[in-house]
file protein.pdb (PDB, C-alpha atoms)
ATOM      1  CA  MET A 126     -19.873 -13.736 -11.098
ATOM      2  CA  LYS A 127     -20.871 -10.076 -10.832
ATOM      3  CA  TYR A 128     -17.658  -9.011  -9.092
ATOM      4  CA  LYS A 129     -14.751 -10.726 -10.794
ATOM      5  CA  MET A 130     -11.984  -8.951  -8.860
ATOM      6  CA  ILE A 131     -11.539  -7.681  -5.317
ATOM      7  CA  CYS A 132      -8.630  -5.290  -4.759
ATOM      8  CA  CYS A 133      -7.869  -4.964  -1.076
ATOM      9  CA  ASP A 134      -5.570  -2.826   1.040
ATOM     10  CA  LEU A 135      -3.540  -4.624   3.685
ATOM     11  CA  ASP A 136      -2.839  -2.683   6.883
ATOM     12  CA  ASP A 137      -5.921  -1.700   8.898
ATOM     13  CA  THR A 138      -8.153  -3.159   6.184
ATOM     14  CA  LEU A 139      -7.424  -6.843   5.672
ATOM     15  CA  LEU A 140      -5.128  -6.920   8.707
ATOM     16  CA  ASN A 141      -6.630  -6.012  12.069
ATOM     17  CA  SER A 142      -5.083  -3.887  14.823
ATOM     18  CA  GLU A 143      -3.008  -6.904  15.885
ATOM     19  CA  ARG A 144      -1.608  -7.140  12.321
ATOM     20  CA  SER A 145      -3.306 -10.493  11.777
ATOM     21  CA  TYR A 146      -6.560 -11.880  10.394
ATOM     22  CA  SER A 147      -9.035 -14.547  11.400
ATOM     23  CA  PRO A 148      -9.355 -18.080   9.997
ATOM     24  CA  ALA A 149     -12.821 -17.022   8.855
ATOM     25  CA  LEU A 150     -11.322 -14.355   6.596
ATOM     26  CA  LYS A 151      -8.886 -16.844   5.078
ATOM     27  CA  GLU A 152     -11.776 -19.201   4.382
ATOM     28  CA  SER A 153     -13.797 -16.423   2.749
ATOM     29  CA  VAL A 154     -10.899 -15.479   0.473
ATOM     30  CA  ALA A 155     -10.473 -19.135  -0.514
ATOM     31  CA  ARG A 156     -14.177 -19.498  -1.307
ATOM     32  CA  TYR A 157     -14.136 -16.384  -3.462
ATOM     33  CA  VAL A 158     -11.050 -17.515  -5.389
ATOM     34  CA  ASP A 159     -12.412 -21.062  -5.793
ATOM     35  CA  ALA A 160     -15.599 -19.557  -7.243
ATOM     36  CA  GLY A 161     -13.515 -17.868  -9.935
ATOM     37  CA  GLY A 162     -12.824 -14.485  -8.369
ATOM     38  CA  LYS A 163      -9.465 -12.717  -8.435
ATOM     39  CA  PHE A 164      -8.401 -11.409  -5.018
ATOM     40  CA  VAL A 165      -5.540  -8.899  -5.218
ATOM     41  CA  ILE A 166      -3.620  -7.232  -2.405
ATOM     42  CA  VAL A 167      -2.874  -3.575  -3.207
ATOM     43  CA  THR A 168      -0.702  -2.071  -0.497
ATOM     44  CA  GLY A 169       1.746   0.670   0.334
ATOM     45  CA  ARG A 170       3.930  -1.949   1.997
ATOM     46  CA  MET A 171       7.211  -3.074   0.556
ATOM     47  CA  THR A 172       7.062  -6.246  -1.500
ATOM     48  CA  ALA A 173       9.068  -8.372   0.918
ATOM     49  CA  GLY A 174       6.668  -7.564   3.740
ATOM     50  CA  ALA A 175       3.501  -8.258   1.752
ATOM     51  CA  ILE A 176       4.232 -11.477  -0.145
ATOM     52  CA  PRO A 177       4.360 -13.693   2.990
ATOM     53  CA  ILE A 178       0.824 -12.581   3.866
ATOM     54  CA  ALA A 179      -0.404 -13.237   0.330
ATOM     55  CA  LYS A 180       1.138 -16.705   0.414
ATOM     56  CA  ASP A 181      -0.433 -17.472   3.773
ATOM     57  CA  LEU A 182      -3.818 -16.532   2.314
ATOM     58  CA  GLY A 183      -3.194 -19.014  -0.492
ATOM     59  CA  LEU A 184      -3.064 -16.348  -3.200
ATOM     60  CA  HIS A 185      -1.225 -16.620  -6.511
ATOM     61  CA  GLY A 186      -0.572 -14.231  -9.363
ATOM     62  CA  GLU A 187       0.081 -10.521  -8.917
ATOM     63  CA  ILE A 188       0.533  -8.432  -5.805
ATOM     64  CA  LEU A 189       0.721  -4.621  -5.999
ATOM     65  CA  THR A 190       3.086  -3.011  -3.503
ATOM     66  CA  PHE A 191       4.525   0.447  -2.769
ATOM     67  CA  GLN A 192       1.080   1.865  -3.740
ATOM     68  CA  SER A 193       1.369  -0.149  -6.995
ATOM     69  CA  ALA A 194       4.784   1.242  -7.942
ATOM     70  CA  VAL A 195       5.790  -2.430  -8.002
ATOM     71  CA  ILE A 196       3.852  -5.378  -9.396
ATOM     72  CA  ALA A 197       5.328  -8.709  -8.380
ATOM     73  CA  ASP A 198       4.530 -12.391  -8.732
ATOM     74  CA  ILE A 199       3.512 -13.892  -5.401
ATOM     75  CA  ASP A 200       4.953 -17.363  -5.998
ATOM     76  CA  THR A 201       8.372 -16.348  -7.315
ATOM     77  CA  GLY A 202       8.818 -12.827  -5.951
ATOM     78  CA  VAL A 203       9.880 -11.729  -9.440
ATOM     79  CA  ILE A 204       9.133  -8.085 -10.251
ATOM     80  CA  ILE A 205       6.746  -7.980 -13.203
ATOM     81  CA  ASP A 206       6.740  -4.208 -13.541
ATOM     82  CA  SER A 207       7.925  -1.206 -11.558
ATOM     83  CA  LYS A 208       7.959   2.574 -11.707
ATOM     84  CA  ILE A 209      10.572   4.133  -9.469
ATOM     85  CA  ILE A 210      12.138   7.445  -8.498
ATOM     86  CA  ASN A 211      15.543   7.810 -10.155
ATOM     87  CA  SER A 212      18.561   8.248  -7.924
ATOM     88  CA  LYS A 213      19.006  11.957  -8.675
ATOM     89  CA  ASP A 214      15.411  12.882  -7.896
ATOM     90  CA  ALA A 215      15.301  10.600  -4.850
ATOM     91  CA  ALA A 216      18.497  12.162  -3.536
ATOM     92  CA  GLU A 217      17.014  15.636  -3.999
ATOM     93  CA  VAL A 218      13.955  14.747  -1.909
ATOM     94  CA  CYS A 219      16.098  13.064   0.732
ATOM     95  CA  ALA A 220      18.453  16.040   0.930
ATOM     96  CA  TYR A 221      15.498  18.338   1.609
ATOM     97  CA  LEU A 222      14.166  16.041   4.333
ATOM     98  CA  GLU A 223      17.653  15.872   5.847
ATOM     99  CA  SER A 224      17.886  19.675   5.868
ATOM    100  CA  ARG A 225      14.611  19.772   7.832
ATOM    101  CA  GLY A 226      15.772  17.146  10.310
ATOM    102  CA  TYR A 227      12.925  14.738   9.506
ATOM    103  CA  TYR A 228      13.284  11.024  10.099
ATOM    104  CA  PHE A 229      12.712   9.052   6.894
ATOM    105  CA  HIS A 230      13.753   5.893   5.176
ATOM    106  CA  THR A 231      13.653   4.460   1.678
ATOM    107  CA  TYR A 232      13.855   1.035   0.088
ATOM    108  CA  VAL A 233      16.504  -1.123  -1.563
ATOM    109  CA  ASP A 234      15.713  -4.675  -2.669
ATOM    110  CA  ASP A 235      14.114  -6.524   0.272
ATOM    111  CA  TYR A 236      15.086  -4.101   3.044
ATOM    112  CA  PHE A 237      14.877  -0.413   3.850
ATOM    113  CA  ILE A 238      17.636   2.071   4.609
ATOM    114  CA  THR A 239      18.010   5.028   6.930
ATOM    115  CA  ARG A 240      21.004   7.008   8.145
ATOM    116  CA  ALA A 241      20.582   6.050  11.800
ATOM    117  CA  ALA A 242      17.968   3.773  13.334
ATOM    118  CA  ASN A 243      15.561   5.011  15.992
ATOM    119  CA  GLU A 244      12.228   3.946  17.488
ATOM    120  CA  PHE A 245      10.443   4.525  14.172
ATOM    121  CA  THR A 246      12.920   2.285  12.360
ATOM    122  CA  ARG A 247      12.417  -0.557  14.786
ATOM    123  CA  MET A 248       8.629  -0.167  14.867
ATOM    124  CA  TYR A 249       8.388  -0.098  11.081
ATOM    125  CA  SER A 250      10.618  -3.168  10.807
ATOM    126  CA  VAL A 251       8.235  -5.140  13.016
ATOM    127  CA  ILE A 252       5.122  -3.920  11.189
ATOM    128  CA  SER A 253       6.516  -4.446   7.698
ATOM    129  CA  LEU A 254       8.233  -7.798   8.374
ATOM    130  CA  ALA A 255      11.399  -6.390   6.814
ATOM    131  CA  GLY A 256      14.969  -5.717   7.869
ATOM    132  CA  TYR A 257      16.858  -2.461   7.579
ATOM    133  CA  LYS A 258      20.382  -1.126   7.148
ATOM    134  CA  GLU A 259      21.975   2.107   8.373
ATOM    135  CA  THR A 260      23.774   4.118   5.714
ATOM    136  CA  VAL A 261      25.788   6.135   8.299
ATOM    137  CA  ILE A 262      26.341   8.838   5.685
ATOM    138  CA  PRO A 263      23.316  10.921   4.603
ATOM    139  CA  VAL A 264      20.862   8.834   2.615
ATOM    140  CA  SER A 265      20.930  11.424  -0.175
ATOM    141  CA  GLU A 266      24.676  10.886  -0.579
ATOM    142  CA  TYR A 267      24.297   7.112  -0.336
ATOM    143  CA  LEU A 268      21.754   7.035  -3.170
ATOM    144  CA  LEU A 269      23.908   9.154  -5.476
ATOM    145  CA  LYS A 270      27.110   7.328  -4.624
ATOM    146  CA  ASN A 271      25.573   3.960  -5.425
ATOM    147  CA  ASP A 272      23.200   5.166  -8.187
ATOM    148  CA  ILE A 273      20.168   3.716  -6.384
ATOM    149  CA  SER A 274      16.644   4.395  -7.620
ATOM    150  CA  VAL A 275      13.807   3.780  -5.152
ATOM    151  CA  PRO A 276      10.060   3.036  -5.245
ATOM    152  CA  LYS A 277       9.092   5.152  -2.235
ATOM    153  CA  ILE A 278      10.375   7.489   0.473
ATOM    154  CA  LEU A 279       8.645   7.347   3.845
ATOM    155  CA  ILE A 280       8.653  10.015   6.580
ATOM    156  CA  CYS A 281       7.768   8.892  10.112
ATOM    157  CA  GLU A 282       6.894  11.323  12.908
ATOM    158  CA  LYS A 283       4.626  11.788  15.907
ATOM    159  CA  GLU A 284       1.003  11.892  14.844
ATOM    160  CA  GLU A 285       0.384  15.516  15.836
ATOM    161  CA  LYS A 286       3.223  16.725  13.567
ATOM    162  CA  ILE A 287       2.205  14.829  10.432
ATOM    163  CA  PRO A 288      -0.494  17.193   9.052
ATOM    164  CA  ALA A 289       1.948  20.104   8.889
ATOM    165  CA  ILE A 290       4.704  17.951   7.385
ATOM    166  CA  LEU A 291       2.277  16.555   4.817
ATOM    167  CA  ARG A 292       1.208  20.050   3.741
ATOM    168  CA  GLU A 293       4.821  21.216   3.585
ATOM    169  CA  VAL A 294       6.070  18.321   1.468
ATOM    170  CA  GLN A 295       3.031  18.445  -0.794
ATOM    171  CA  GLY A 296       3.617  22.155  -1.322
ATOM    172  CA  ILE A 297       7.181  21.568  -2.467
ATOM    173  CA  PHE A 298       7.036  18.257  -4.307
ATOM    174  CA  SER A 299       3.435  17.483  -5.348
ATOM    175  CA  ASP A 300       4.050  18.744  -8.888
ATOM    176  CA  ARG A 301       6.598  15.952  -9.354
ATOM    177  CA  PHE A 302       5.594  13.254  -6.873
ATOM    178  CA  LEU A 303       2.494  11.796  -5.255
ATOM    179  CA  VAL A 304       2.612  12.758  -1.578
ATOM    180  CA  ASN A 305      -0.019  11.217   0.705
ATOM    181  CA  THR A 306      -0.529   9.200   3.875
ATOM    182  CA  SER A 307      -1.819   5.806   4.964
ATOM    183  CA  LYS A 308      -1.318   6.065   8.724
ATOM    184  CA  PRO A 309      -1.508   9.021  11.117
ATOM    185  CA  TRP A 310       2.252   8.860  11.780
ATOM    186  CA  LEU A 311       3.680   8.816   8.267
ATOM    187  CA  VAL A 312       3.945  10.587   4.925
ATOM    188  CA  GLU A 313       4.575   8.628   1.727
ATOM    189  CA  ILE A 314       6.330   9.935  -1.397
ATOM    190  CA  VAL A 315       6.030   7.863  -4.579
ATOM    191  CA  PRO A 316       6.406   8.490  -8.328
ATOM    192  CA  LYS A 317       3.896  10.998  -9.715
ATOM    193  CA  GLU A 318       2.482   8.527 -12.228
ATOM    194  CA  ILE A 319       1.699   6.014  -9.470
ATOM    195  CA  ASN A 320      -1.327   5.460  -7.287
ATOM    196  CA  LYS A 321      -3.385   2.459  -6.276
ATOM    197  CA  GLY A 322      -6.161   3.358  -8.689
ATOM    198  CA  LEU A 323      -3.842   3.261 -11.701
ATOM    199  CA  GLY A 324      -2.529  -0.101 -10.516
ATOM    200  CA  VAL A 325      -6.048  -1.500 -10.312
ATOM    201  CA  LYS A 326      -6.871  -0.205 -13.797
ATOM    202  CA  ARG A 327      -3.736  -1.765 -15.277
ATOM    203  CA  LEU A 328      -4.576  -5.147 -13.785
ATOM    204  CA  ALA A 329      -8.217  -4.909 -14.865
ATOM    205  CA  GLU A 330      -7.144  -4.189 -18.438
ATOM    206  CA  LYS A 331      -4.791  -7.173 -18.392
ATOM    207  CA  TYR A 332      -7.610  -9.527 -17.430
ATOM    208  CA  ASN A 333     -10.359  -7.759 -19.377
ATOM    209  CA  ILE A 334     -12.316  -6.968 -16.224
ATOM    210  CA  GLY A 335     -14.685  -4.000 -16.327
ATOM    211  CA  ARG A 336     -14.845  -1.339 -13.652
ATOM    212  CA  GLU A 337     -18.366  -2.448 -12.702
ATOM    213  CA  GLU A 338     -16.932  -5.913 -11.929
ATOM    214  CA  ILE A 339     -14.407  -4.635  -9.341
ATOM    215  CA  ILE A 340     -14.724  -4.199  -5.587
ATOM    216  CA  CYS A 341     -12.020  -2.097  -3.933
ATOM    217  CA  ILE A 342     -11.623  -2.135  -0.149
ATOM    218  CA  GLY A 343      -9.493   0.319   1.816
ATOM    219  CA  ASP A 344      -9.198   2.506   4.874
ATOM    220  CA  SER A 345      -6.909   5.459   4.263
ATOM    221  CA  ASN A 346      -6.168   8.429   2.045
ATOM    222  CA  ASN A 347      -3.774   6.513  -0.175
ATOM    223  CA  ASP A 348      -6.703   4.207  -1.019
ATOM    224  CA  ILE A 349      -8.875   7.009  -2.427
ATOM    225  CA  GLU A 350      -7.757   6.669  -6.054
ATOM    226  CA  MET A 351      -8.350   2.918  -5.816
ATOM    227  CA  LEU A 352     -11.847   3.512  -4.430
ATOM    228  CA  LYS A 353     -12.561   5.849  -7.338
ATOM    229  CA  ALA A 354     -11.528   3.096  -9.768
ATOM    230  CA  ALA A 355     -14.008   0.593  -8.325
ATOM    231  CA  GLY A 356     -17.461  -0.459  -9.401
ATOM    232  CA  LEU A 357     -18.170  -0.863  -5.690
ATOM    233  CA  ALA A 358     -16.028   1.180  -3.286
ATOM    234  CA  VAL A 359     -15.851  -0.097   0.292
ATOM    235  CA  VAL A 360     -14.185   1.485   3.326
ATOM    236  CA  VAL A 361     -13.917  -0.305   6.664
ATOM    237  CA  GLU A 362     -15.489   1.353   9.691
ATOM    238  CA  ASN A 363     -12.081   2.218  11.180
ATOM    239  CA  GLY A 364     -11.096   4.068   7.996
ATOM    240  CA  PHE A 365     -10.129   7.718   7.593
ATOM    241  CA  PRO A 366     -13.008  10.226   7.266
ATOM    242  CA  ASP A 367     -11.644  11.469   3.929
ATOM    243  CA  ALA A 368     -11.611   7.922   2.532
ATOM    244  CA  LYS A 369     -15.179   7.303   3.681
ATOM    245  CA  LYS A 370     -16.349  10.182   1.482
ATOM    246  CA  PHE A 371     -15.622   7.962  -1.532
ATOM    247  CA  ALA A 372     -17.286   4.810  -0.196
ATOM    248  CA  ASP A 373     -20.429   3.239  -1.589
ATOM    249  CA  VAL A 374     -20.486   0.936   1.449
ATOM    250  CA  ILE A 375     -19.032   1.179   4.963
ATOM    251  CA  ALA A 376     -18.051  -2.326   6.069
ATOM    252  CA  PRO A 377     -17.381  -3.527   9.616
ATOM    253  CA  SER A 378     -13.959  -2.599  10.985
ATOM    254  CA  SER A 379     -10.800  -4.548  10.297
ATOM    255  CA  ASP A 380     -11.059  -5.860  13.864
ATOM    256  CA  ASP A 381     -14.509  -7.242  13.010
ATOM    257  CA  ASN A 382     -13.478  -9.046   9.804
ATOM    258  CA  GLY A 383     -14.749  -6.325   7.507
ATOM    259  CA  VAL A 384     -13.115  -7.835   4.411
ATOM    260  CA  GLY A 385     -14.671 -11.222   5.137
ATOM    261  CA  TRP A 386     -18.036  -9.473   5.485
ATOM    262  CA  VAL A 387     -17.590  -7.863   2.064
ATOM    263  CA  ILE A 388     -16.761 -11.192   0.445
ATOM    264  CA  GLU A 389     -19.675 -13.062   1.999
ATOM    265  CA  ASN A 390     -22.327 -10.337   1.805
ATOM    266  CA  LEU A 391     -21.429  -8.409  -1.328
ATOM    267  CA  ALA A 392     -19.148 -10.483  -3.561
ATOM    268  CA  MET A 393     -20.338 -14.049  -2.990
ATOM    269  CA  SER A 394     -23.968 -13.088  -2.525
ATOM    270  CA  SER A 395     -24.018 -11.939  -6.148
ATOM    271  CA  ASN A 396     -23.548 -15.601  -7.155
ATOM    272  CA  LYS A 397     -26.609 -16.794  -5.253
TER     273      LYS A 397
END
call {"tool": "encode", "arguments": {"input": "protein.pdb", "output": "structure tokens"}}
result
Amino acid sequence: MKYKMICCDLDDTLLNSERSYSPALKESVARYVDAGGKFVIVTGRMTAGAIPIAKDLGLHGEILTFQSAVIADIDTGVIIDSKIINSKDAAEVCAYLESRGYYFHTYVDDYFITRAANEFTRMYSVISLAGYKETVIPVSEYLLKNDISVPKILICEKEEKIPAILREVQGIFSDRFLVNTSKPWLVEIVPKEINKGLGVKRLAEKYNIGREEIICIGDSNNDIEMLKAAGLAVVVENGFPDAKKFADVIAPSSDDNGVGWVIENLAMSSNK
């Protein structure tokens, strides 16, 4: 098999605009895995919201979540490895966001926390398949009080405000954290030593898979490092313009089963 591993983003890549996927895609993934390929979900989502999808696809082994800050076992949910923001540093970031009046939340175990829920909280809960809790007190205080370290901090805002917020937060924190985006209405803050590309490389080393044997599929800016780590970089048609700059191939959109197209026309065709 020429391509031994496919690393695939979830939202707006594998999942379509209805946050689902077709039976045809599920069949393609199964054929690829049965042929000996390793299909890995690499997502910015929280672990609890990604594992059910991996299980429904019939996947086993590792899943990379929070932009690969967490590596978990699909079958058991056990965390294999994680790199997180310590409570002091997380509280510092949260305190700054609180001083600016930005809505944000962060993650504890299988849920996320915010001071007071709003429309973004409820929307994110539906999208991520995860519950949330209100801290009531400022999140920065809550993290310090309970000595909670976190894998990611997420800012949500109206789409037209995000570019300015992204530049602002990058300007202040990019020397210590990775600050990027995966959707037009959010900004993600994760540990500096984390990105999807590093996660892919770690997994490839574990299974002795060469870069030339990897296909990476994504759609957004937080997929760029993963695309750069691939032997074949693929971006779906609905992807961000900046991500497409790093693509070797533009696949059909997520609404047109782009991932299934990649499997059948690029991955499986190499076996014929």
call {"tool": "closest_residue", "arguments": {"input": "protein.pdb", "among": "A:Glu362, A:Glu152, A:Glu187, A:Asp367", "to": "Asn346 in chain A", "atoms": "all atoms listed in the file"}}
result
A:Asp367
call {"tool": "atom_distance", "arguments": {"input": "protein.pdb", "atom1": "CA of Asp300 in chain A", "atom2": "CA of Tyr227 in chain A"}}
result
20.8 Å
call {"tool": "closest_residue", "arguments": {"input": "protein.pdb", "among": "A:Val387, A:Leu303, A:Val294, A:Ala255", "to": "Ile131 in chain A", "atoms": "only C-alpha atoms"}}
result
A:Val387
call {"tool": "resolve_selection", "arguments": {"input": "protein.pdb", "expression": "the PyMOL selection byres ((chain A and resi 173-180) around 10)", "output": "ChimeraX atom specification"}}
result
/A:135-136,140,145-146,164-172,181-191,197-202,234-236,250-256
call {"tool": "residues_around", "arguments": {"input": "protein.pdb", "residues": "range 333-340 of chain A", "least_positions_apart": "2", "cutoff": "12 Å", "atoms": "all atoms listed in the file", "output": "PyMOL selection string"}}
result
chain A and resi 126-134+162-166+322+325-331+342-343+351-360+372-374+384+387-388+391-393+395
call {"tool": "write_last_selection", "arguments": {"input": "protein.pdb", "atoms": "C-alpha atoms", "output": "mmCIF file, in the coordinates of the input"}}
result
data_model
loop_
_atom_site.group_PDB
_atom_site.id
_atom_site.type_symbol
_atom_site.label_atom_id
_atom_site.label_comp_id
_atom_site.auth_asym_id
_atom_site.auth_seq_id
_atom_site.Cartn_x
_atom_site.Cartn_y
_atom_site.Cartn_z
ATOM 1 C CA MET A 126 -19.873 -13.736 -11.098
ATOM 2 C CA LYS A 127 -20.871 -10.076 -10.832
ATOM 3 C CA TYR A 128 -17.658 -9.011 -9.092
ATOM 4 C CA LYS A 129 -14.751 -10.726 -10.794
ATOM 5 C CA MET A 130 -11.984 -8.951 -8.860
ATOM 6 C CA ILE A 131 -11.539 -7.681 -5.317
ATOM 7 C CA CYS A 132 -8.630 -5.290 -4.759
ATOM 8 C CA CYS A 133 -7.869 -4.964 -1.076
ATOM 9 C CA ASP A 134 -5.570 -2.826 1.040
ATOM 10 C CA GLY A 162 -12.824 -14.485 -8.369
ATOM 11 C CA LYS A 163 -9.465 -12.717 -8.435
ATOM 12 C CA PHE A 164 -8.401 -11.409 -5.018
ATOM 13 C CA VAL A 165 -5.540 -8.899 -5.218
ATOM 14 C CA ILE A 166 -3.620 -7.232 -2.405
ATOM 15 C CA GLY A 322 -6.161 3.358 -8.689
ATOM 16 C CA VAL A 325 -6.048 -1.500 -10.312
ATOM 17 C CA LYS A 326 -6.871 -0.205 -13.797
ATOM 18 C CA ARG A 327 -3.736 -1.765 -15.277
ATOM 19 C CA LEU A 328 -4.576 -5.147 -13.785
ATOM 20 C CA ALA A 329 -8.217 -4.909 -14.865
ATOM 21 C CA GLU A 330 -7.144 -4.189 -18.438
ATOM 22 C CA LYS A 331 -4.791 -7.173 -18.392
ATOM 23 C CA ILE A 342 -11.623 -2.135 -0.149
ATOM 24 C CA GLY A 343 -9.493 0.319 1.816
ATOM 25 C CA MET A 351 -8.350 2.918 -5.816
ATOM 26 C CA LEU A 352 -11.847 3.512 -4.430
ATOM 27 C CA LYS A 353 -12.561 5.849 -7.338
ATOM 28 C CA ALA A 354 -11.528 3.096 -9.768
ATOM 29 C CA ALA A 355 -14.008 0.593 -8.325
ATOM 30 C CA GLY A 356 -17.461 -0.459 -9.401
ATOM 31 C CA LEU A 357 -18.170 -0.863 -5.690
ATOM 32 C CA ALA A 358 -16.028 1.180 -3.286
ATOM 33 C CA VAL A 359 -15.851 -0.097 0.292
ATOM 34 C CA VAL A 360 -14.185 1.485 3.326
ATOM 35 C CA ALA A 372 -17.286 4.810 -0.196
ATOM 36 C CA ASP A 373 -20.429 3.239 -1.589
ATOM 37 C CA VAL A 374 -20.486 0.936 1.449
ATOM 38 C CA VAL A 384 -13.115 -7.835 4.411
ATOM 39 C CA VAL A 387 -17.590 -7.863 2.064
ATOM 40 C CA ILE A 388 -16.761 -11.192 0.445
ATOM 41 C CA LEU A 391 -21.429 -8.409 -1.328
ATOM 42 C CA ALA A 392 -19.148 -10.483 -3.561
ATOM 43 C CA MET A 393 -20.338 -14.049 -2.990
ATOM 44 C CA SER A 395 -24.018 -11.939 -6.148
#
